[in-house]
file start-v4.cif (mmCIF, C-alpha atoms)
data_input
#
loop_
_atom_site.label_atom_id
_atom_site.label_comp_id
_atom_site.auth_asym_id
_atom_site.auth_seq_id
_atom_site.Cartn_x
_atom_site.Cartn_y
_atom_site.Cartn_z
CA MET A 623 14.12 -13.94 0.36
CA ASP A 624 17.33 -15.68 1.29
CA ALA A 625 19.01 -12.53 2.54
CA VAL A 626 16.64 -11.85 5.44
CA ILE A 627 18.79 -12.55 8.49
CA VAL A 628 19.07 -11.56 12.12
CA GLU A 629 21.94 -11.63 14.52
CA GLY A 630 22.52 -15.21 15.58
CA GLY A 631 20.52 -16.80 12.77
CA GLU A 632 17.77 -16.45 10.24
CA HIS A 633 14.65 -14.40 10.77
CA PRO A 634 12.07 -16.73 12.41
CA LEU A 635 9.39 -15.73 9.89
CA ARG A 636 11.60 -15.59 6.82
CA GLY A 637 9.57 -18.18 4.91
CA GLU A 638 6.26 -16.42 5.51
CA VAL A 639 7.67 -13.04 4.48
CA ARG A 640 8.89 -14.58 1.26
CA LEU A 641 5.59 -16.35 0.54
CA LEU A 642 3.54 -13.21 1.14
CA LEU A 643 5.70 -11.13 -1.20
CA GLN A 644 5.59 -13.78 -3.91
CA ALA A 645 1.82 -14.15 -3.59
CA ALA A 646 1.38 -10.37 -3.70
CA MET A 647 3.27 -10.24 -7.01
CA VAL A 648 1.15 -13.03 -8.49
CA VAL A 649 -2.15 -11.39 -7.52
CA PHE A 650 -0.99 -8.03 -8.84
CA VAL A 651 -0.75 -9.54 -12.33
CA TRP A 652 -4.58 -9.73 -12.32
CA THR A 653 -4.86 -6.03 -11.46
CA VAL A 654 -2.32 -4.99 -14.08
CA GLY A 655 -3.85 -7.19 -16.79
CA ILE A 656 -7.32 -5.74 -16.30
CA GLY A 657 -5.84 -2.25 -16.22
CA ILE A 658 -4.08 -2.69 -19.55
CA LEU A 659 -7.14 -4.12 -21.30
CA ASN A 660 -9.48 -1.52 -19.82
CA GLY A 661 -7.23 1.48 -20.38
CA THR A 662 -6.65 0.62 -24.03
CA ASP A 663 -10.38 -0.03 -24.60
CA VAL A 664 -9.66 -3.55 -25.80
CA VAL A 665 -12.24 -4.89 -23.32
CA ASP A 666 -15.16 -3.03 -21.75
CA PHE A 667 -15.31 -4.61 -18.30
CA ASP A 668 -18.38 -4.47 -16.10
CA ARG A 669 -18.36 -2.98 -12.62
CA LYS A 670 -17.73 -6.31 -10.88
CA VAL A 671 -14.49 -6.97 -12.74
CA LEU A 672 -13.32 -3.40 -12.16
CA LEU A 673 -14.00 -3.85 -8.45
CA SER A 674 -11.84 -6.98 -8.50
CA HIS A 675 -9.15 -4.92 -10.26
CA VAL A 676 -9.20 -2.46 -7.35
CA HIS A 677 -9.41 -5.03 -4.56
CA ALA A 678 -6.75 -7.32 -6.02
CA GLY A 679 -4.52 -4.26 -5.90
CA THR A 680 -5.42 -3.16 -2.39
CA LEU A 681 -5.85 -6.56 -0.71
CA GLY A 682 -3.56 -8.72 -2.81
CA TRP A 683 -0.69 -6.46 -3.78
CA ILE A 684 -0.69 -3.86 -1.00
CA THR A 685 -2.12 -5.59 2.08
CA MET A 686 -0.15 -8.81 1.64
CA SER A 687 3.02 -6.77 1.12
CA VAL A 688 2.19 -4.82 4.29
CA PHE A 689 1.70 -8.09 6.17
CA ALA A 690 5.11 -9.25 4.89
CA ALA A 691 6.69 -6.02 6.11
CA SER A 692 4.89 -6.39 9.45
CA LEU A 693 6.22 -9.91 10.00
CA TRP A 694 9.70 -8.79 9.00
CA LEU A 695 9.81 -5.69 11.20
CA PHE A 696 7.95 -6.98 14.24
CA GLY A 697 9.02 -10.63 14.08
CA SER A 698 12.69 -10.29 14.99
CA GLY A 699 13.24 -11.94 18.36
CA ALA A 700 9.73 -13.39 18.50
CA SER A 701 9.19 -16.38 20.76
CA GLU A 702 8.24 -19.74 19.29
CA THR A 703 4.60 -19.18 20.30
CA GLU A 704 4.55 -15.73 18.72
CA SER A 705 6.24 -17.06 15.59
CA LYS A 706 3.63 -19.81 15.27
CA ALA A 707 0.86 -17.23 15.56
CA GLY A 708 2.53 -15.07 12.91
CA ARG A 709 2.85 -18.06 10.58
CA PHE A 710 -0.81 -18.94 11.09
CA PHE A 711 -2.11 -15.45 10.24
CA ALA A 712 0.26 -15.19 7.28
CA ARG A 713 -0.88 -18.48 5.79
CA VAL A 714 -4.55 -17.71 6.32
CA SER A 715 -4.02 -14.36 4.58
CA LEU A 716 -2.25 -16.08 1.69
CA ILE A 717 -5.47 -17.91 0.90
CA VAL A 718 -8.24 -15.62 2.06
CA LEU A 719 -7.16 -12.22 0.72
CA PRO A 720 -6.60 -13.27 -2.93
CA VAL A 721 -9.79 -15.35 -3.00
CA PHE A 722 -11.83 -12.50 -1.54
CA ALA A 723 -10.35 -9.99 -3.99
CA LEU A 724 -11.16 -12.19 -6.99
CA THR A 725 -14.68 -12.83 -5.66
CA PHE A 726 -15.56 -9.25 -6.62
CA ALA A 727 -15.32 -10.25 -10.28
CA PHE A 728 -18.17 -12.75 -9.98
CA THR A 729 -20.77 -11.66 -7.45
CA TYR A 730 -22.43 -8.87 -5.50
CA GLU A 731 -24.24 -11.38 -3.32
CA GLU A 732 -23.71 -13.38 -0.10
CA PRO A 733 -20.29 -14.91 -1.01
CA ARG A 734 -18.75 -11.46 -1.00
CA ALA A 735 -20.08 -10.66 2.48
CA ILE A 736 -19.08 -14.09 3.85
CA LEU A 737 -15.55 -14.05 2.43
CA GLY A 738 -15.23 -10.41 3.44
CA THR A 739 -15.91 -11.40 7.04
CA VAL A 740 -13.24 -14.11 6.87
CA ALA A 741 -10.77 -11.63 5.32
CA LEU A 742 -11.57 -9.14 8.07
CA ALA A 743 -10.84 -11.82 10.68
CA ALA A 744 -7.41 -12.37 9.08
CA ILE A 745 -6.71 -8.63 9.17
CA VAL A 746 -7.83 -8.39 12.81
CA GLY A 747 -5.61 -11.35 13.66
CA MET A 748 -2.58 -9.74 12.02
CA PHE A 749 -3.27 -6.45 13.80
CA ALA A 750 -3.51 -8.27 17.14
CA TRP A 751 -0.19 -10.01 16.47
CA VAL A 752 1.52 -6.73 15.55
CA ALA A 753 0.02 -5.01 18.61
CA VAL A 754 1.33 -7.72 20.95
CA ARG A 755 4.79 -7.65 19.37
CA SER A 756 4.87 -3.83 19.55
CA ARG A 757 4.99 -4.08 23.34
CA ARG A 758 8.17 -6.16 23.24
CA ILE A 759 10.38 -4.16 20.87
CA GLU A 760 11.70 -0.63 20.57
CA LEU A 761 9.39 1.21 18.20
CA THR A 762 10.73 3.31 15.35
CA THR A 763 8.68 5.69 13.23
CA VAL A 764 8.35 2.92 10.65
CA HIS A 765 7.01 0.50 13.27
CA LEU A 766 4.48 3.07 14.48
CA ALA A 767 3.32 3.82 10.95
CA ILE A 768 2.72 0.15 10.18
CA LEU A 769 0.91 -0.34 13.50
CA ALA A 770 -1.36 2.66 12.81
CA ALA A 771 -1.99 1.60 9.23
CA VAL A 772 -2.93 -1.97 10.11
CA ALA A 773 -5.24 -0.63 12.82
CA THR A 774 -6.91 1.60 10.22
CA SER A 775 -7.26 -1.37 7.87
CA VAL A 776 -9.34 -3.06 10.57
CA VAL A 777 -11.69 -0.06 10.69
CA GLY A 778 -11.84 0.12 6.90
CA GLY A 779 -12.42 -3.62 6.74
CA VAL A 780 -15.38 -3.38 9.10
CA LEU A 781 -16.92 -0.70 6.88
CA GLY A 782 -16.28 -2.87 3.82
CA VAL A 783 -17.97 -5.91 5.34
CA LEU A 784 -20.96 -3.83 6.42
CA LEU A 785 -21.20 -2.37 2.94
CA ALA A 786 -21.04 -5.84 1.36
CA THR A 787 -23.71 -7.05 3.78
CA GLU A 788 -25.94 -4.12 2.86
CA ILE A 789 -25.54 -4.87 -0.85
CA ALA A 790 -26.18 -8.59 -0.38
CA THR A 791 -29.20 -8.28 1.91
CA GLY A 792 -30.70 -4.94 0.91
CA ARG A 793 -30.76 -3.85 4.55
CA ASN A 794 -29.50 -0.40 5.50
CA VAL A 795 -26.68 -1.17 7.94
CA LEU A 796 -24.65 1.96 7.08
CA THR A 797 -25.47 5.60 6.54
CA ASP A 798 -25.63 6.95 3.00
CA GLY A 799 -22.00 8.02 3.29
CA GLY A 800 -20.80 4.48 3.93
CA SER A 801 -19.91 3.81 0.28
CA ASP A 802 -17.59 6.84 0.35
CA ALA A 803 -16.26 6.32 3.88
CA HIS A 804 -14.85 2.85 3.18
CA PRO A 805 -12.49 3.76 0.31
CA ALA A 806 -11.64 7.16 1.77
CA THR A 807 -10.60 5.64 5.11
CA MET A 808 -8.41 3.08 3.38
CA VAL A 809 -6.73 5.57 1.05
CA VAL A 810 -6.10 8.29 3.62
CA GLY A 811 -5.71 6.44 6.91
CA PHE A 812 -4.11 3.23 5.60
CA LEU A 813 -2.18 3.93 2.41
CA ILE A 814 -0.51 7.22 3.32
CA PRO A 815 1.10 5.88 6.56
CA ILE A 816 2.15 2.67 4.78
CA GLY A 817 3.67 4.63 1.91
CA MET A 818 5.63 6.77 4.36
CA ALA A 819 6.75 3.72 6.34
CA LEU A 820 8.04 1.70 3.39
CA ALA A 821 9.69 4.73 1.80
CA GLU A 822 11.52 5.62 5.03
CA TRP A 823 12.62 2.03 5.58
CA SER A 824 14.26 1.90 2.16
CA LEU A 825 15.77 5.38 2.37
CA ARG A 826 17.63 4.80 5.63
CA PRO A 827 21.30 3.84 5.13
CA SER A 828 21.83 0.11 5.68
CA GLY A 829 18.21 -0.17 6.82
CA ARG A 830 18.96 1.42 10.21
CA LEU A 831 15.79 2.99 11.56
CA GLU A 832 15.48 5.86 14.01
CA PRO A 833 13.57 5.42 17.28
CA ALA A 834 10.28 7.29 17.14
CA GLY A 835 10.76 10.78 18.55
CA ARG A 836 8.24 13.58 18.76
CA LEU A 837 8.34 14.42 15.07
CA GLY A 838 8.14 10.77 14.03
CA THR A 839 5.21 10.16 16.37
CA ALA A 840 3.41 13.26 15.07
CA GLN A 841 4.05 12.15 11.49
CA VAL A 842 2.17 8.92 12.19
CA ALA A 843 -0.50 10.30 14.50
CA LEU A 844 -1.68 13.03 12.14
CA PRO A 845 -2.59 10.77 9.16
CA PHE A 846 -4.13 8.27 11.57
CA MET A 847 -6.36 10.97 13.08
CA GLY A 848 -7.04 12.44 9.65
CA GLY A 849 -8.27 9.09 8.38
CA LEU A 850 -10.62 8.68 11.32
CA LEU A 851 -11.96 12.24 10.99
CA LEU A 852 -12.57 11.75 7.29
CA MET A 853 -14.43 8.52 7.99
CA VAL A 854 -16.65 10.13 10.63
CA GLY A 855 -17.28 13.17 8.44
CA LEU A 856 -18.43 11.05 5.50
CA LEU A 857 -20.45 8.60 7.60
CA LEU A 858 -22.31 11.29 9.54
CA ASP A 859 -22.36 13.89 6.75
CA ILE A 860 -20.43 16.46 8.80
CA ASP A 861 -19.21 18.86 6.11
CA ALA A 862 -16.52 20.49 8.24
CA LEU A 863 -14.55 17.28 8.91
CA PRO A 864 -13.26 16.23 5.45
CA PRO A 865 -11.45 19.55 4.84
CA LEU A 866 -10.00 19.42 8.36
CA ALA A 867 -8.90 15.83 7.83
CA THR A 868 -7.05 16.65 4.61
CA VAL A 869 -5.23 19.57 6.24
CA ILE A 870 -4.17 17.29 9.10
CA GLU A 871 -2.90 14.77 6.54
CA LEU A 872 -0.93 17.54 4.84
CA ALA A 873 0.73 18.42 8.15
CA GLY A 874 1.78 14.80 8.67
CA VAL A 875 3.24 14.59 5.16
CA ALA A 876 5.09 17.87 5.70
CA ILE A 877 6.76 16.38 8.79
CA PHE A 878 7.63 13.25 6.81
CA PHE A 879 9.25 15.30 4.04
CA ARG A 880 11.19 17.37 6.55
CA ARG A 881 12.50 14.27 8.31
CA LEU A 882 13.43 12.48 5.08
CA TRP A 883 14.59 15.45 2.99
CA ARG A 884 18.29 14.67 3.30
CA PRO A 885 18.03 10.97 2.30
CA ILE A 886 15.72 11.93 -0.58
CA ARG A 887 18.13 14.63 -1.73
CA ASP A 888 21.08 12.26 -1.56
CA VAL A 889 19.51 9.48 -3.64
CA ALA A 890 21.62 8.48 -6.65
CA TRP A 891 18.90 8.05 -9.25
CA GLY A 892 21.13 5.99 -11.51
CA ASP A 893 21.91 3.39 -8.84
CA ARG A 894 19.96 0.15 -9.09
CA ALA A 895 18.99 0.30 -5.42
CA PRO A 896 15.81 0.61 -3.36
CA GLY A 897 16.50 4.28 -2.68
CA ARG A 898 15.29 5.57 -6.03
CA TYR A 899 11.96 3.75 -5.78
CA ALA A 900 11.56 4.96 -2.20
CA ALA A 901 12.42 8.55 -3.12
CA MET A 902 9.91 8.51 -5.97
CA SER A 903 7.31 7.14 -3.56
CA ALA A 904 8.07 9.94 -1.11
CA LEU A 905 7.71 12.59 -3.81
CA ALA A 906 4.44 11.02 -4.96
CA ILE A 907 3.10 11.22 -1.39
CA VAL A 908 3.69 14.97 -1.40
CA VAL A 909 2.04 15.38 -4.82
CA ASN A 910 -0.90 13.23 -3.75
CA ILE A 911 -1.67 15.08 -0.54
CA ILE A 912 -1.33 18.51 -2.16
CA PHE A 913 -3.65 17.44 -4.97
CA LEU A 914 -6.13 16.02 -2.44
CA ASN A 915 -6.21 19.31 -0.52
CA TYR A 916 -6.67 21.22 -3.78
CA LEU A 917 -9.63 19.04 -4.84
CA VAL A 918 -11.31 19.39 -1.46
CA ALA A 919 -10.80 23.17 -1.36
CA ALA A 920 -11.91 23.64 -4.97
CA ASN A 921 -15.18 21.84 -4.23
CA GLY A 922 -16.00 23.65 -1.02
CA GLY A 923 -15.05 20.69 1.17
CA ASP A 924 -17.62 18.40 -0.48
CA ILE A 925 -15.80 15.32 -1.76
CA ASP A 926 -18.97 14.17 -3.55
CA LEU A 927 -18.54 17.09 -5.95
CA VAL A 928 -15.07 16.00 -7.10
CA ALA A 929 -15.21 14.74 -10.69
CA ASN A 930 -14.72 11.00 -11.19
CA HIS A 931 -11.74 11.42 -13.53
CA GLN A 932 -10.00 13.58 -10.91
CA LEU A 933 -10.58 10.96 -8.23
CA LEU A 934 -9.15 8.30 -10.54
CA ALA A 935 -6.07 10.45 -11.11
CA LEU A 936 -5.70 10.89 -7.35
CA ASP A 937 -6.15 7.15 -6.72
CA HIS A 938 -3.59 6.08 -9.30
CA THR A 939 -1.08 8.60 -8.00
CA MET A 940 -1.48 6.85 -4.65
CA PHE A 941 -1.69 3.21 -5.79
CA VAL A 942 1.12 3.35 -8.34
CA GLY A 943 3.14 6.46 -7.56
CA VAL A 944 3.23 5.95 -3.80
CA LEU A 945 2.54 2.29 -3.05
CA THR A 946 3.87 0.43 -6.08
CA ASN A 947 7.13 2.38 -5.94
CA ALA A 948 7.33 1.77 -2.18
CA ILE A 949 6.64 -1.96 -2.53
CA PHE A 950 9.20 -2.29 -5.30
CA ALA A 951 11.68 -0.68 -2.91
CA LEU A 952 10.71 -3.27 -0.29
CA LEU A 953 11.16 -6.05 -2.85
CA VAL A 954 14.64 -4.78 -3.73
CA VAL A 955 15.55 -4.72 -0.03
CA ALA A 956 14.19 -8.24 0.35
CA SER A 957 15.59 -9.89 -2.76
CA GLY A 958 18.82 -8.06 -3.42
CA PRO A 959 20.36 -6.95 -6.74
CA THR A 960 18.53 -7.42 -10.00
CA ARG A 961 19.59 -10.18 -12.38
CA TRP A 962 18.86 -7.90 -15.35
CA PRO A 963 20.18 -4.39 -14.59
CA ARG A 964 18.87 -2.77 -17.78
CA VAL A 965 15.42 -4.18 -17.12
CA ASP A 966 15.39 -2.56 -13.68
CA ASP A 967 16.35 0.79 -15.22
CA ALA A 968 13.58 0.45 -17.81
CA VAL A 969 11.05 -0.53 -15.15
CA PHE A 970 11.83 2.41 -12.89
CA ALA A 971 11.91 5.03 -15.62
CA GLY A 972 9.13 3.60 -17.77
CA MET A 973 6.70 3.01 -14.91
CA ASN A 974 7.01 6.53 -13.52
CA VAL A 975 7.04 8.36 -16.86
CA ALA A 976 4.03 6.32 -18.02
CA LEU A 977 2.26 7.02 -14.72
CA PHE A 978 2.71 10.74 -15.32
CA GLY A 979 1.20 10.34 -18.78
CA PHE A 980 -1.65 8.24 -17.41
CA VAL A 981 -2.53 10.79 -14.72
CA VAL A 982 -2.39 13.64 -17.25
CA SER A 983 -4.65 11.64 -19.59
CA LEU A 984 -7.21 11.27 -16.80
CA LEU A 985 -7.12 14.93 -15.83
CA ALA A 986 -7.29 16.07 -19.46
CA GLU A 987 -9.78 13.31 -20.34
CA SER A 988 -7.51 12.44 -23.25
CA THR A 989 -8.34 9.03 -24.72
CA TRP A 990 -5.36 8.85 -27.08
CA LEU A 991 -2.84 9.60 -24.32
CA MET A 992 -4.42 6.99 -22.07
CA ARG A 993 -4.19 4.37 -24.81
CA ILE A 994 -0.46 5.09 -25.11
CA SER A 995 0.46 5.40 -21.43
CA THR A 996 -1.63 2.50 -20.08
CA PRO A 997 0.15 -0.40 -21.83
CA ILE A 998 3.58 1.12 -21.14
CA LEU A 999 2.71 1.49 -17.46
CA GLY A 1000 1.31 -2.03 -17.22
CA LEU A 1001 4.11 -3.74 -19.13
CA CYS A 1002 6.77 -1.97 -17.08
CA ILE A 1003 5.12 -3.16 -13.86
CA LEU A 1004 4.88 -6.72 -15.20
CA ALA A 1005 8.56 -6.62 -16.20
CA GLY A 1006 9.40 -5.39 -12.70
CA LEU A 1007 7.46 -8.26 -11.12
CA LEU A 1008 9.29 -10.74 -13.33
CA ASP A 1009 12.63 -9.14 -12.45
CA ARG A 1010 11.93 -9.25 -8.71
CA THR A 1011 10.72 -12.86 -8.95
CA GLY A 1012 13.99 -13.80 -10.62
CA ALA A 1013 16.04 -11.97 -7.99
CA MET A 1014 14.09 -13.59 -5.17
CA ARG A 1015 14.70 -17.06 -6.58
CA ALA A 1016 18.42 -16.44 -7.13
CA PRO A 1017 20.97 -17.89 -4.68
CA SER A 1018 21.46 -15.82 -1.54
CA THR A 1019 23.84 -12.89 -1.66
CA THR A 1020 23.16 -11.83 1.94
CA SER A 1021 23.62 -8.14 1.27
CA ASP A 1022 23.73 -5.57 4.06
CA ARG A 1023 20.67 -3.83 2.68
CA ALA A 1024 18.57 -6.97 3.05
CA SER A 1025 19.55 -7.70 6.62
CA ASP A 1026 17.10 -7.46 9.47
CA PRO A 1027 16.10 -3.81 10.13
CA ALA A 1028 18.13 -2.38 12.98
CA VAL A 1029 17.43 0.53 15.26
CA ALA A 1030 20.03 3.27 14.93
#
call {"tool": "encode", "arguments": {"input": "start-v4.cif", "output": "structure tokens"}}
result
Amino acid sequence: MDAVIVEGGEHPLRGEVRLLLQAAMVVFVWTVGIGILNGTDVVDFDRKVLLSHVHAGTLGWITMSVFAASLWLFGSGASETESKAGRFFARVSLIVLPVFALTFAFTYEEPRAILGTVALAAIVGMFAWVAVRSRRIELTTVHLAILAAVATSVVGGVLGVLLATEIATGRNVLTDGGSDAHPATMVVGFLIPIGMALAEWSLRPSGRLEPAGRLGTAQVALPFMGGLLLMVGLLLDIDALPPLATVIELAGVAIFFRRLWRPIRDVAWGDRAPGRYAAMSALAIVVNIIFLNYLVAANGGDIDLVANHQLLALDHTMFVGVLTNAIFALLVVASGPTRWPRVDDAVFAGMNVALFGFVVSLLAESTWLMRISTPILGLCILAGLLDRTGAMRAPSTTSDRASDPAVA
């Protein structure tokens, strides 16, 4: 990521940002490969491999990209001591998160609980670093969203470790709702704020971010509170909380869309720039939260009654529509122009059209449509990863869009 600069010199954590993004792309290949083989029915994977598919996506692709964004946004102006701490947590995460994600493919037993604890320690360390740095910089809405999301990932990580411990030991350390509370907390309280943060970052002209005002603060606070309420409701079996949580999430997304409507409207969809990925991510956030509220309302507030194929459609709208688009936008900001313009066009269009087909195939339970859309979706993502890897390894162009984020 040669173009990451700050006034007076390079970003102090430039190397770690670059390593995290590159590692995230490598790990995501595992997720995409399993998805292609599973969706086309070429291989019938067992539950362990499918869990590694999910966790390589959430921990490898998404969390490591979030850590890269955290170092980039919060690391400008960091002291040497703070920079050393950031480097330490980044390098630990580079090893621990991929290994833990891949462990799901091989065991339900003690190694998962042990490595999960180590991964949680890395997440807690990164959150502590971000929290310390947040006291020394002017916070924008994007900064607040990342801070809230990383904090939620700590809570979700604790639930995940407890769940892994329960599976490994057979001891009841969580309530019956723990298996639902862990993924729900991560999807609602972690992924929605991160999606909004990365989309806004890439939609702002020249990367200039607005200081967090009342609307920006509310936009972040509402999903954060919604995630916590959903977690409590599922853990303690309080039926009234999940519907309330989803409505609160909807309010936060409405504020986000109001704040970002003009940049979204002004996106030139034909330009090979981060804006089109970010705008698609923003639109997917709106679709996702509306669909979530519909599913909760249609099932009387009981998430357990939502059909599995509907949950999968909701999850893939979030993981691909929101987060993969948002991370591709981040990668374009980080690495600059594509080396293969037509490939970038094919990736953007193919990935999102195929995602639509994939989600429809899940909702309609259409096997033939899934077998068509899955390989197109997967191959487009793989081509995008290859394209971004090439751009990242190209000589520096030091574009304005890839400069250190500035406060407007």
call {"tool": "residues_around", "arguments": {"input": "start-v4.cif", "residues": "stretch 921-924 of chain A", "least_positions_apart": "6", "cutoff": "7 Å", "atoms": "all atoms listed in the file", "output": "list in words"}}
result
Asp861, Pro864 and Pro865 of chain A
call {"tool": "write_last_selection", "arguments": {"input": "start-v4.cif", "atoms": "C-alpha atoms", "output": "PDB file, keeping the file's coordinate frame"}}
result
ATOM      1  CA  ASP A 861     -19.210  18.860   6.110  1.00  0.00           C
ATOM      2  CA  PRO A 864     -13.260  16.230   5.450  1.00  0.00           C
ATOM      3  CA  PRO A 865     -11.450  19.550   4.840  1.00  0.00           C
TER       4      PRO A 865
END
call {"tool": "closest_residue", "arguments": {"input": "start-v4.cif", "among": "A:Thr1011, A:Thr739, A:Asn947, A:Thr703", "to": "A:Pro959", "atoms": "all atoms listed in the file"}}
result
A:Thr1011
call {"tool": "residues_around", "arguments": {"input": "start-v4.cif", "residues": "A:Ser988", "least_positions_apart": "6", "cutoff": "12 Å", "atoms": "only C-alpha atoms", "output": "ChimeraX atom specification"}}
result
/A:661-662,931,979-982,994-996
call {"tool": "closest_residue", "arguments": {"input": "start-v4.cif", "among": "A:Val639, A:Met902, A:Leu936, A:Ala819", "to": "A:Leu984", "atoms": "all atoms listed in the file"}}
result
A:Leu936
call {"tool": "closest_residue", "arguments": {"input": "start-v4.cif", "among": "A:Leu858, A:Val651, A:Leu863, A:Ala771", "to": "A:Leu796", "atoms": "only C-alpha atoms"}}
result
A:Leu858
call {"tool": "closest_residue", "arguments": {"input": "start-v4.cif", "among": "A:Asp967, A:Glu732, A:Glu788, A:Glu987", "to": "A:Tyr899", "atoms": "all atoms listed in the file"}}
result
A:Asp967
call {"tool": "atom_distance", "arguments": {"input": "start-v4.cif", "atom1": "atom CA of A:Gly874", "atom2": "atom CA of A:Thr939"}}
result
18.0 Å
call {"tool": "closest_atom_pairs", "arguments": {"input": "start-v4.cif", "of": "stretch 758-845 of chain A", "to": "stretch 683-699 of chain A", "cutoff": "8 Å", "atoms": "all atoms listed in the file", "output": "CSV"}}
result
residue,atom,partner,partner_atom,distance
A:Ile759,CA,A:Phe696,CA,7.6
A:His765,CA,A:Leu695,CA,7.1
A:Ile768,CA,A:Ser692,CA,6.9
A:Ile816,CA,A:Val688,CA,7.5
call {"tool": "atom_distance", "arguments": {"input": "start-v4.cif", "atom1": "atom CA of A:Ala678", "atom2": "atom CA of A:Ala723"}}
result
4.9 Å
call {"tool": "closest_residue", "arguments": {"input": "start-v4.cif", "among": "A:Val671, A:Ile886, A:Leu724, A:Ala767", "to": "A:Leu813", "atoms": "only C-alpha atoms"}}
result
A:Ala767
call {"tool": "residues_near_point", "arguments": {"input": "start-v4.cif", "point": "(13.4, 3.9, 19.9)", "cutoff": "6 Å", "atoms": "all atoms listed in the file", "output": "compact mmCIF listing (two decimals) with C-alpha atoms, keeping the file's coordinate frame"}}
result
# COMPACT_ATOMS: atom_id res chain seq x y z
CA GLU A 760 11.70 -0.63 20.57
CA LEU A 761 9.39 1.21 18.20
CA THR A 762 10.73 3.31 15.35
CA PRO A 833 13.57 5.42 17.28
CA ALA A 834 10.28 7.29 17.14
